[in-house]
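> Structure file structure-v2.csv (CSV, C-alpha atoms and all ligand atoms) right here:
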```csv
chain,number,residue,atom,x,y,z
P,1,MET,CA,0.0,0.0,0.0
P,2,LYS,CA,2.9,2.4,0.6
P,3,TYR,CA,4.2,3.1,-2.9
P,4,GLU,CA,7.8,3.6,-1.9
P,5,GLU,CA,7.9,0.2,-0.2
P,6,MET,CA,6.4,-1.8,-3.1
P,7,LYS,CA,8.2,-3.9,-5.7
P,8,PRO,CA,7.3,-3.5,-9.4
P,9,GLY,CA,5.3,-6.8,-9.4
P,10,GLN,CA,3.2,-5.6,-6.5
P,11,ILE,CA,2.5,-2.3,-8.1
P,12,ASP,CA,1.5,-4.1,-11.4
P,13,GLU,CA,-1.0,-6.1,-9.4
P,14,VAL,CA,-2.6,-3.0,-8.0
P,15,LEU,CA,-2.7,-1.4,-11.5
P,16,ARG,CA,-4.6,-4.5,-12.7
P,17,THR,CA,-7.1,-4.7,-9.8
P,18,CYS,CA,-7.5,-1.3,-8.2
P,19,PRO,CA,-5.5,1.5,-9.9
P,20,ILE,CA,-6.1,4.3,-7.4
P,21,ALA,CA,-3.2,6.5,-6.2
P,22,TYR,CA,-3.5,8.6,-3.1
P,23,LEU,CA,-1.3,11.6,-2.6
P,24,ALA,CA,-1.3,13.4,0.8
P,25,TRP,CA,-0.2,17.0,0.5
P,26,GLY,CA,0.9,19.1,3.5
P,27,ALA,CA,3.3,21.7,4.7
P,28,LEU,CA,5.9,22.3,7.3
P,29,GLU,CA,4.2,25.0,9.4
P,30,TRP,CA,3.7,26.3,12.9
P,31,HIS,CA,0.7,24.6,14.5
P,32,GLY,CA,1.0,25.8,18.1
P,33,VAL,CA,3.6,24.9,20.6
P,34,HIS,CA,1.8,21.6,21.3
P,35,ASN,CA,2.0,20.2,17.8
P,36,PRO,CA,4.9,19.2,15.5
P,37,VAL,CA,5.4,21.4,12.4
P,38,GLY,CA,4.6,18.5,10.0
P,39,LEU,CA,1.1,18.0,11.3
P,40,ASP,CA,-0.7,18.7,8.0
P,41,ALA,CA,1.1,16.0,6.1
P,42,LEU,CA,1.3,13.5,8.9
P,43,LYS,CA,-2.5,13.6,9.5
P,44,ALA,CA,-3.5,13.7,5.8
P,45,TYR,CA,-1.1,10.8,5.1
P,46,ASN,CA,-2.5,8.6,7.9
P,47,MET,CA,-6.0,9.4,6.7
P,48,ALA,CA,-5.1,8.5,3.2
P,49,LEU,CA,-3.7,5.2,4.5
P,50,GLU,CA,-7.0,4.4,6.3
P,51,LEU,CA,-8.9,5.3,3.1
P,52,CYS,CA,-6.7,3.1,1.0
P,53,ARG,CA,-7.2,0.2,3.4
P,54,ALA,CA,-11.0,0.5,2.6
P,55,THR,CA,-10.7,1.0,-1.2
P,56,GLY,CA,-7.4,-0.6,-2.3
P,57,GLY,CA,-4.8,1.2,-4.2
P,58,VAL,CA,-1.5,2.8,-3.3
P,59,VAL,CA,-0.4,5.8,-1.1
P,60,LEU,CA,2.5,7.9,-2.3
P,61,PRO,CA,4.8,9.4,0.3
P,62,PRO,CA,3.4,12.6,1.7
P,63,VAL,CA,4.5,15.9,0.2
P,64,TYR,CA,5.6,18.7,2.5
P,65,CYS,CA,5.2,21.7,0.2
P,66,GLY,CA,2.9,24.5,1.4
P,67,TYR,CA,2.0,27.9,-0.1
P,68,GLN,CA,0.2,30.5,2.0
P,69,THR,CA,1.5,29.3,5.3
P,70,MET,CA,1.6,30.9,8.8
P,71,LYS,CA,4.9,32.6,8.0
P,72,PRO,CA,3.8,35.2,5.5
P,73,TRP,CA,0.3,35.3,6.9
P,74,GLN,CA,1.0,35.9,10.6
P,75,GLY,CA,4.8,35.8,11.0
P,76,PHE,CA,5.2,32.4,12.7
P,77,ARG,CA,8.6,30.7,12.5
P,78,HIS,CA,9.5,27.0,12.0
P,79,THR,CA,7.6,27.2,8.7
P,80,LEU,CA,8.7,26.7,5.2
P,81,GLU,CA,6.8,28.8,2.6
P,82,PHE,CA,7.1,27.7,-1.0
P,83,SER,CA,5.9,29.6,-4.1
P,84,LYS,CA,2.6,29.2,-5.8
P,85,SER,CA,4.3,28.4,-9.1
P,86,LEU,CA,6.4,25.6,-7.5
P,87,VAL,CA,3.3,24.0,-5.8
P,88,ARG,CA,1.4,24.1,-9.0
P,89,GLN,CA,4.2,22.6,-11.0
P,90,TYR,CA,4.9,19.9,-8.4
P,91,VAL,CA,1.3,18.9,-8.3
P,92,TYR,CA,1.0,18.9,-12.1
P,93,GLU,CA,4.1,16.7,-12.6
P,94,HIS,CA,2.9,14.2,-10.0
P,95,LEU,CA,-0.3,13.9,-12.0
P,96,GLU,CA,1.5,13.4,-15.4
P,97,ASN,CA,3.8,10.8,-13.8
P,98,LEU,CA,0.9,8.9,-12.1
P,99,TYR,CA,-1.0,9.0,-15.5
P,100,GLU,CA,2.0,7.6,-17.3
P,101,GLU,CA,2.4,4.9,-14.7
P,102,GLY,CA,-1.1,3.6,-15.4
P,103,PHE,CA,-3.2,4.9,-12.4
P,104,ARG,CA,-6.8,5.6,-13.4
P,105,LEU,CA,-8.1,7.5,-10.3
P,106,ILE,CA,-5.8,9.9,-8.5
P,107,VAL,CA,-6.9,11.4,-5.2
P,108,ILE,CA,-5.0,14.3,-3.6
P,109,VAL,CA,-5.8,14.5,0.1
P,110,MET,CA,-5.0,18.1,1.2
P,111,GLY,CA,-3.9,18.5,4.8
P,112,HIS,CA,-2.9,22.2,4.5
P,113,TYR,CA,-5.9,24.5,4.1
P,114,GLY,CA,-4.5,27.9,3.1
P,115,GLY,CA,-7.2,29.2,0.7
P,116,LYS,CA,-4.8,30.2,-2.0
P,117,HIS,CA,-2.8,26.9,-1.5
P,118,VAL,CA,-6.0,24.8,-2.0
P,119,GLU,CA,-6.8,27.0,-5.1
P,120,THR,CA,-3.4,26.4,-6.5
P,121,ILE,CA,-3.6,22.6,-6.2
P,122,LYS,CA,-7.1,22.7,-7.8
P,123,ALA,CA,-5.8,24.8,-10.6
P,124,ALA,CA,-3.1,22.2,-11.4
P,125,VAL,CA,-5.7,19.5,-11.3
P,126,ALA,CA,-7.9,21.5,-13.7
P,127,GLU,CA,-5.0,22.1,-16.1
P,128,PHE,CA,-4.2,18.3,-16.1
P,129,SER,CA,-7.9,17.4,-16.6
P,130,GLU,CA,-8.2,19.8,-19.5
P,131,LYS,CA,-5.4,17.9,-21.2
P,132,HIS,CA,-6.4,14.3,-20.2
P,133,LYS,CA,-10.0,13.1,-20.0
P,134,TYR,CA,-8.6,10.2,-18.0
P,135,PRO,CA,-7.4,9.4,-15.3
P,136,LYS,CA,-10.0,11.0,-13.1
P,137,VAL,CA,-8.3,13.3,-10.5
P,138,LEU,CA,-9.9,14.6,-7.3
P,139,ALA,CA,-8.3,17.1,-4.9
P,140,ILE,CA,-10.2,17.1,-1.5
P,141,THR,CA,-9.3,18.6,1.8
P,142,ASP,CA,-9.2,15.9,4.6
P,143,TYR,CA,-12.3,17.4,6.2
P,144,GLU,CA,-14.5,17.7,3.1
P,145,PRO,CA,-16.0,14.1,3.1
P,146,ALA,CA,-17.2,14.5,6.7
P,147,SER,CA,-18.8,17.8,5.8
P,148,TRP,CA,-21.1,15.9,3.4
P,149,VAL,CA,-22.9,14.6,6.5
P,150,GLY,CA,-22.6,17.8,8.5
P,151,VAL,CA,-19.5,16.8,10.6
P,152,LYS,CA,-17.4,19.9,10.8
P,153,GLY,CA,-13.6,19.5,10.8
P,154,GLY,CA,-10.7,21.5,9.6
P,155,ASP,CA,-9.0,24.1,11.7
P,156,HIS,CA,-5.5,25.2,12.4
P,157,GLY,CA,-3.8,23.2,15.2
P,158,GLY,CA,-7.1,23.4,17.1
P,159,LYS,CA,-9.4,20.7,18.5
P,160,ASN,CA,-9.8,19.0,15.1
P,161,GLU,CA,-6.3,18.9,13.7
P,162,THR,CA,-4.8,18.2,17.1
P,163,SER,CA,-7.2,15.4,17.8
P,164,LEU,CA,-6.4,13.7,14.5
P,165,LEU,CA,-2.7,13.7,15.3
P,166,MET,CA,-3.4,12.5,18.8
P,167,TYR,CA,-5.3,9.6,17.3
P,168,PHE,CA,-2.5,8.7,14.8
P,169,ARG,CA,0.7,9.7,16.6
P,170,PRO,CA,-0.1,10.5,20.3
P,171,GLU,CA,3.6,10.7,21.1
P,172,LEU,CA,4.0,13.8,18.9
P,173,VAL,CA,1.4,15.9,20.7
P,174,ASP,CA,1.8,17.6,24.1
P,175,ILE,CA,-1.2,19.7,25.2
P,176,ASN,CA,0.6,20.6,28.4
P,177,LEU,CA,2.9,22.8,26.5
P,178,LEU,CA,0.0,25.3,25.9
P,179,PRO,CA,-0.2,28.1,28.5
P,180,GLY,CA,-3.0,28.1,31.1
P,181,GLY,CA,-6.2,30.1,30.7
P,182,GLU,CA,-7.8,31.2,27.4
P,183,LEU,CA,-5.7,30.9,24.3
P,184,GLU,CA,-5.3,33.7,21.8
P,185,GLN,CA,-5.0,32.7,18.2
P,186,LYS,CA,-2.6,35.5,17.3
P,187,VAL,CA,-0.2,34.6,20.1
P,188,GLU,CA,-0.4,30.8,20.0
P,189,GLY,CA,-0.8,30.4,16.2
P,190,CYS,CA,-3.5,27.8,16.6
P,191,ALA,CA,-7.2,27.7,17.0
P,192,VAL,CA,-8.3,28.6,20.5
P,193,ASN,CA,-10.1,25.4,21.3
P,194,ALA,CA,-6.9,23.3,21.0
P,195,LYS,CA,-7.1,22.1,24.6
P,196,GLU,CA,-10.4,20.3,23.8
P,197,ALA,CA,-8.6,17.8,21.6
P,198,THR,CA,-8.9,14.1,22.2
P,199,ALA,CA,-7.7,11.0,20.4
P,200,GLU,CA,-11.4,9.8,20.5
P,201,HIS,CA,-12.5,12.9,18.5
P,202,GLY,CA,-9.7,12.2,16.0
P,203,ARG,CA,-10.9,8.6,15.6
P,204,MET,CA,-14.4,9.8,15.0
P,205,LEU,CA,-13.3,12.3,12.3
P,206,THR,CA,-11.2,9.6,10.6
P,207,GLU,CA,-14.0,7.1,10.6
P,208,VAL,CA,-16.5,9.5,9.1
P,209,PHE,CA,-13.9,10.5,6.5
P,210,VAL,CA,-13.4,6.9,5.4
P,211,ALA,CA,-17.1,6.0,5.6
P,212,GLN,CA,-18.1,9.0,3.3
P,213,ALA,CA,-15.2,8.9,0.9
P,214,ALA,CA,-14.6,5.2,0.3
P,215,PRO,CA,-18.0,4.3,-1.4
P,216,LYS,CA,-17.8,7.4,-3.7
P,217,LEU,CA,-14.3,6.6,-4.8
P,218,ARG,CA,-15.1,2.9,-5.4
P,219,GLU,CA,-18.0,4.0,-7.6
P,220,LEU,CA,-15.9,6.5,-9.4
P,221,LEU,CA,-13.1,3.9,-10.1
P,222,GLN,CA,-15.7,1.5,-11.4
P,223,GLU,CA,-17.0,4.1,-13.8
P,224,VAL,CA,-13.5,4.9,-15.0
P,225,MET,CA,-12.6,1.2,-15.5
P,226,GLU,CA,-15.7,0.7,-17.7
P,227,GLU,CA,-15.2,3.9,-19.7
P,228,TRP,CA,-11.4,3.7,-20.1
P,229,PRO,CA,-10.0,0.2,-20.4
P,230,ALA,CA,-6.4,1.3,-20.5
P,231,PRO,CA,-3.8,-1.2,-21.4
P,232,MET,CA,-1.1,-2.1,-18.9
P,233,PRO,CA,1.9,0.1,-19.3
P,234,GLU,CA,5.0,-1.5,-20.8
P,235,ARG,CA,7.8,-2.4,-18.5
P,236,LEU,CA,10.1,0.2,-20.1
P,237,VAL,CA,9.0,3.6,-21.1
P,238,ILE,CA,11.1,4.8,-24.0
P,239,ARG,CA,11.2,8.5,-24.1
P,240,SER,CA,11.9,10.1,-27.5
P,301,ZN,ZN,-2.9,22.4,9.6
```
Mind turning the file's structure into structure tokens?


Amino acid sequence: MKYEEMKPGQIDEVLRTCPIAYLAWGALEWHGVHNPVGLDALKAYNMALELCRATGGVVLPPVYCGYQTMKPWQGFRHTLEFSKSLVRQYVYEHLENLYEEGFRLIVIVMGHYGGKHVETIKAAVAEFSEKHKYPKVLAITDYEPASWVGVKGGDHGGKNETSLLMYFRPELVDINLLPGGELEQKVEGCAVNAKEATAEHGRMLTEVFVAQAAPKLRELLQEVMEEWPAPMPERLVIRS
């Protein structure tokens, strides 16, 4: 399931039976003193793995490449800000590569929610889809599927994001590092309800995410497989 750990024959088997590729996209960004800076990618990656367990397919290694992060926005350190053009190009080239490799449904799970960053990823997807009718490509935030049934997720290092990381990687979160009393967003650089985070809440958000997204993706893959019976790629790709 983890693409970087698979041998060619194992990848070929997935391409024959369930050619879905998941790509978790995050950032390295301040998420409050209680969270590690890789939170966005760590959580989206683990959510993608859970989803992949339910649908089949492969999960690419997470990408830590964020635009519109906390550094230019509010001046927080321990944050790497990349340019819009790099993010767009990096997404686009992933899609072209995954297309060439024979995947027929590509799902980008976005763990960093900066509005312009999300727009940029969607613009790259639109550019690719304009050029290729197939494979189908979706870019969704990791909180979108739960919103289809009214479950609100998505914040910045607050109750929701912190809970998700507490569920997947409890050893990486330390709520006790937050100061006592009411939190201030501008001072702490995270949503003010961060102390309400629990692993149980993170588990619930993940379960709703998988329960909502998995059937839709299975259906979409089925449609693509019927409409676009692509041949298996050759072992060697000769580039002219
Ligand atoms: Zn985040």

> Name the residues in contact with P:Glu4 at a cut-off of 10 Å, using all atoms listed in the file, excluding same-chain residues fewer than 6 positions from it; report them as JSON, numbers by chain.

{"P": [58, 59, 60, 61]}

> Within 7 Å of stretch 135-144 of chain P, counting only C-alpha atoms, which residues qualify if same-chain residues fewer than 6 places away don't, as an NGL selection string?

:P and (44 or 99 or 103-111 or 122 or 125 or 153-154)

> Would you mind listing the residues within 6 Å of ligand ZN 301 (chain P), counting all atoms listed in the file, as a list in words?

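What falls inside 6 Å of ligand ZN 301 (chain P) is Asp40, His112, His156 and Gly157 of chain P.
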
> Do a neighbour search on P:Thr198 at 12 Å with all atoms listed in the file, toss out local chain neighbours closer than 4 positions, and write the hits as a compact mmCIF listing (two decimals) with C-alpha atoms, keeping the file's coordinate frame.


```
# COMPACT_ATOMS: atom_id res chain seq x y z
CA GLY P 158 -7.10 23.40 17.10
CA LYS P 159 -9.40 20.70 18.50
CA ASN P 160 -9.80 19.00 15.10
CA GLU P 161 -6.30 18.90 13.70
CA THR P 162 -4.80 18.20 17.10
CA SER P 163 -7.20 15.40 17.80
CA LEU P 164 -6.40 13.70 14.50
CA LEU P 165 -2.70 13.70 15.30
CA MET P 166 -3.40 12.50 18.80
CA TYR P 167 -5.30 9.60 17.30
CA PHE P 168 -2.50 8.70 14.80
CA ARG P 169 0.70 9.70 16.60
CA PRO P 170 -0.10 10.50 20.30
CA VAL P 173 1.40 15.90 20.70
CA ASP P 174 1.80 17.60 24.10
CA ILE P 175 -1.20 19.70 25.20
CA ASN P 193 -10.10 25.40 21.30
CA ALA P 194 -6.90 23.30 21.00
CA GLY P 202 -9.70 12.20 16.00
CA ARG P 203 -10.90 8.60 15.60
CA MET P 204 -14.40 9.80 15.00
CA LEU P 205 -13.30 12.30 12.30
```

> Skip stretch 145-147 of chain P itself and residues of its chain fewer than 6 positions away, then list as a ChimeraX atom specification all residues within 9 Å of it, counting all atoms listed in the file.

/P:153,205-213

> Expressed in Å to a single decimal, how great is the separation between atom CA of P:Phe128 and atom CA of P:Val91?

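One can read the atom CA of P:Phe128 to atom CA of P:Val91 distance as 9.6 Å.
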
> Take atom CA of P:Ile11 and atom CA of P:Leu23 and report the distance between them in Å, one decimal.

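Spanning atom CA of P:Ile11 to atom CA of P:Leu23 is a straight-line distance of 15.4 Å.
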
> Rounded to one decimal, what separation in Å do you get between atom CA of P:Tyr3 and atom CA of P:Gly57?

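Separation of atom CA of P:Tyr3 and atom CA of P:Gly57: 9.3 Å.
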
> Some atoms are missing, so please complete stretch 122-143 of chain P with N, CA and C atoms and return it as a JSON list (two decimals), in the coordinates of the input.


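Result file follows (rebuild06.json):
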```json
[["chain", "number", "residue", "atom", "x", "y", "z"],
["P", 122, "LYS", "N", -5.92, 22.92, -6.90],
["P", 122, "LYS", "CA", -7.10, 22.70, -7.80],
["P", 122, "LYS", "C", -6.84, 23.19, -9.19],
["P", 123, "ALA", "N", -6.07, 24.27, -9.30],
["P", 123, "ALA", "CA", -5.80, 24.80, -10.60],
["P", 123, "ALA", "C", -4.87, 23.84, -11.41],
["P", 124, "ALA", "N", -3.93, 23.21, -10.71],
["P", 124, "ALA", "CA", -3.10, 22.20, -11.40],
["P", 124, "ALA", "C", -3.89, 21.02, -11.83],
["P", 125, "VAL", "N", -4.84, 20.60, -10.99],
["P", 125, "VAL", "CA", -5.70, 19.50, -11.30],
["P", 125, "VAL", "C", -6.56, 19.85, -12.57],
["P", 126, "ALA", "N", -7.07, 21.08, -12.59],
["P", 126, "ALA", "CA", -7.90, 21.50, -13.70],
["P", 126, "ALA", "C", -7.07, 21.56, -15.00],
["P", 127, "GLU", "N", -5.84, 22.03, -14.91],
["P", 127, "GLU", "CA", -5.00, 22.10, -16.10],
["P", 127, "GLU", "C", -4.72, 20.67, -16.64],
["P", 128, "PHE", "N", -4.47, 19.73, -15.70],
["P", 128, "PHE", "CA", -4.20, 18.30, -16.10],
["P", 128, "PHE", "C", -5.50, 17.75, -16.75],
["P", 129, "SER", "N", -6.64, 17.98, -16.12],
["P", 129, "SER", "CA", -7.90, 17.40, -16.60],
["P", 129, "SER", "C", -8.35, 17.95, -17.92],
["P", 130, "GLU", "N", -7.92, 19.16, -18.19],
["P", 130, "GLU", "CA", -8.20, 19.80, -19.50],
["P", 130, "GLU", "C", -7.46, 19.01, -20.58],
["P", 131, "LYS", "N", -6.26, 18.59, -20.24],
["P", 131, "LYS", "CA", -5.40, 17.90, -21.20],
["P", 131, "LYS", "C", -5.75, 16.42, -21.33],
["P", 132, "HIS", "N", -6.11, 15.79, -20.21],
["P", 132, "HIS", "CA", -6.40, 14.30, -20.20],
["P", 132, "HIS", "C", -7.81, 14.10, -19.68],
["P", 133, "LYS", "N", -8.65, 13.45, -20.47],
["P", 133, "LYS", "CA", -10.00, 13.10, -20.00],
["P", 133, "LYS", "C", -9.85, 12.08, -18.83],
["P", 134, "TYR", "N", -8.95, 11.15, -19.00],
["P", 134, "TYR", "CA", -8.60, 10.20, -18.00],
["P", 134, "TYR", "C", -7.15, 10.25, -17.67],
["P", 135, "PRO", "N", -6.71, 9.88, -16.50],
["P", 135, "PRO", "CA", -7.40, 9.40, -15.30],
["P", 135, "PRO", "C", -8.30, 10.50, -14.69],
["P", 136, "LYS", "N", -9.23, 10.08, -13.88],
["P", 136, "LYS", "CA", -10.00, 11.00, -13.10],
["P", 136, "LYS", "C", -9.10, 11.50, -11.93],
["P", 137, "VAL", "N", -9.15, 12.78, -11.63],
["P", 137, "VAL", "CA", -8.30, 13.30, -10.50],
["P", 137, "VAL", "C", -9.24, 14.13, -9.60],
["P", 138, "LEU", "N", -9.12, 13.87, -8.33],
["P", 138, "LEU", "CA", -9.90, 14.60, -7.30],
["P", 138, "LEU", "C", -8.87, 15.26, -6.36],
["P", 139, "ALA", "N", -9.11, 16.51, -5.97],
["P", 139, "ALA", "CA", -8.30, 17.10, -4.90],
["P", 139, "ALA", "C", -9.33, 17.50, -3.80],
["P", 140, "ILE", "N", -9.23, 16.84, -2.64],
["P", 140, "ILE", "CA", -10.20, 17.10, -1.50],
["P", 140, "ILE", "C", -9.39, 17.44, -0.27],
["P", 141, "THR", "N", -9.92, 18.35, 0.53],
["P", 141, "THR", "CA", -9.30, 18.60, 1.80],
["P", 141, "THR", "C", -9.67, 17.34, 2.70],
["P", 142, "ASP", "N", -8.89, 17.11, 3.74],
["P", 142, "ASP", "CA", -9.20, 15.90, 4.60],
["P", 142, "ASP", "C", -10.40, 16.07, 5.44],
["P", 143, "TYR", "N", -11.03, 17.27, 5.42],
["P", 143, "TYR", "CA", -12.30, 17.40, 6.20],
["P", 143, "TYR", "C", -13.52, 17.43, 5.33]]
```
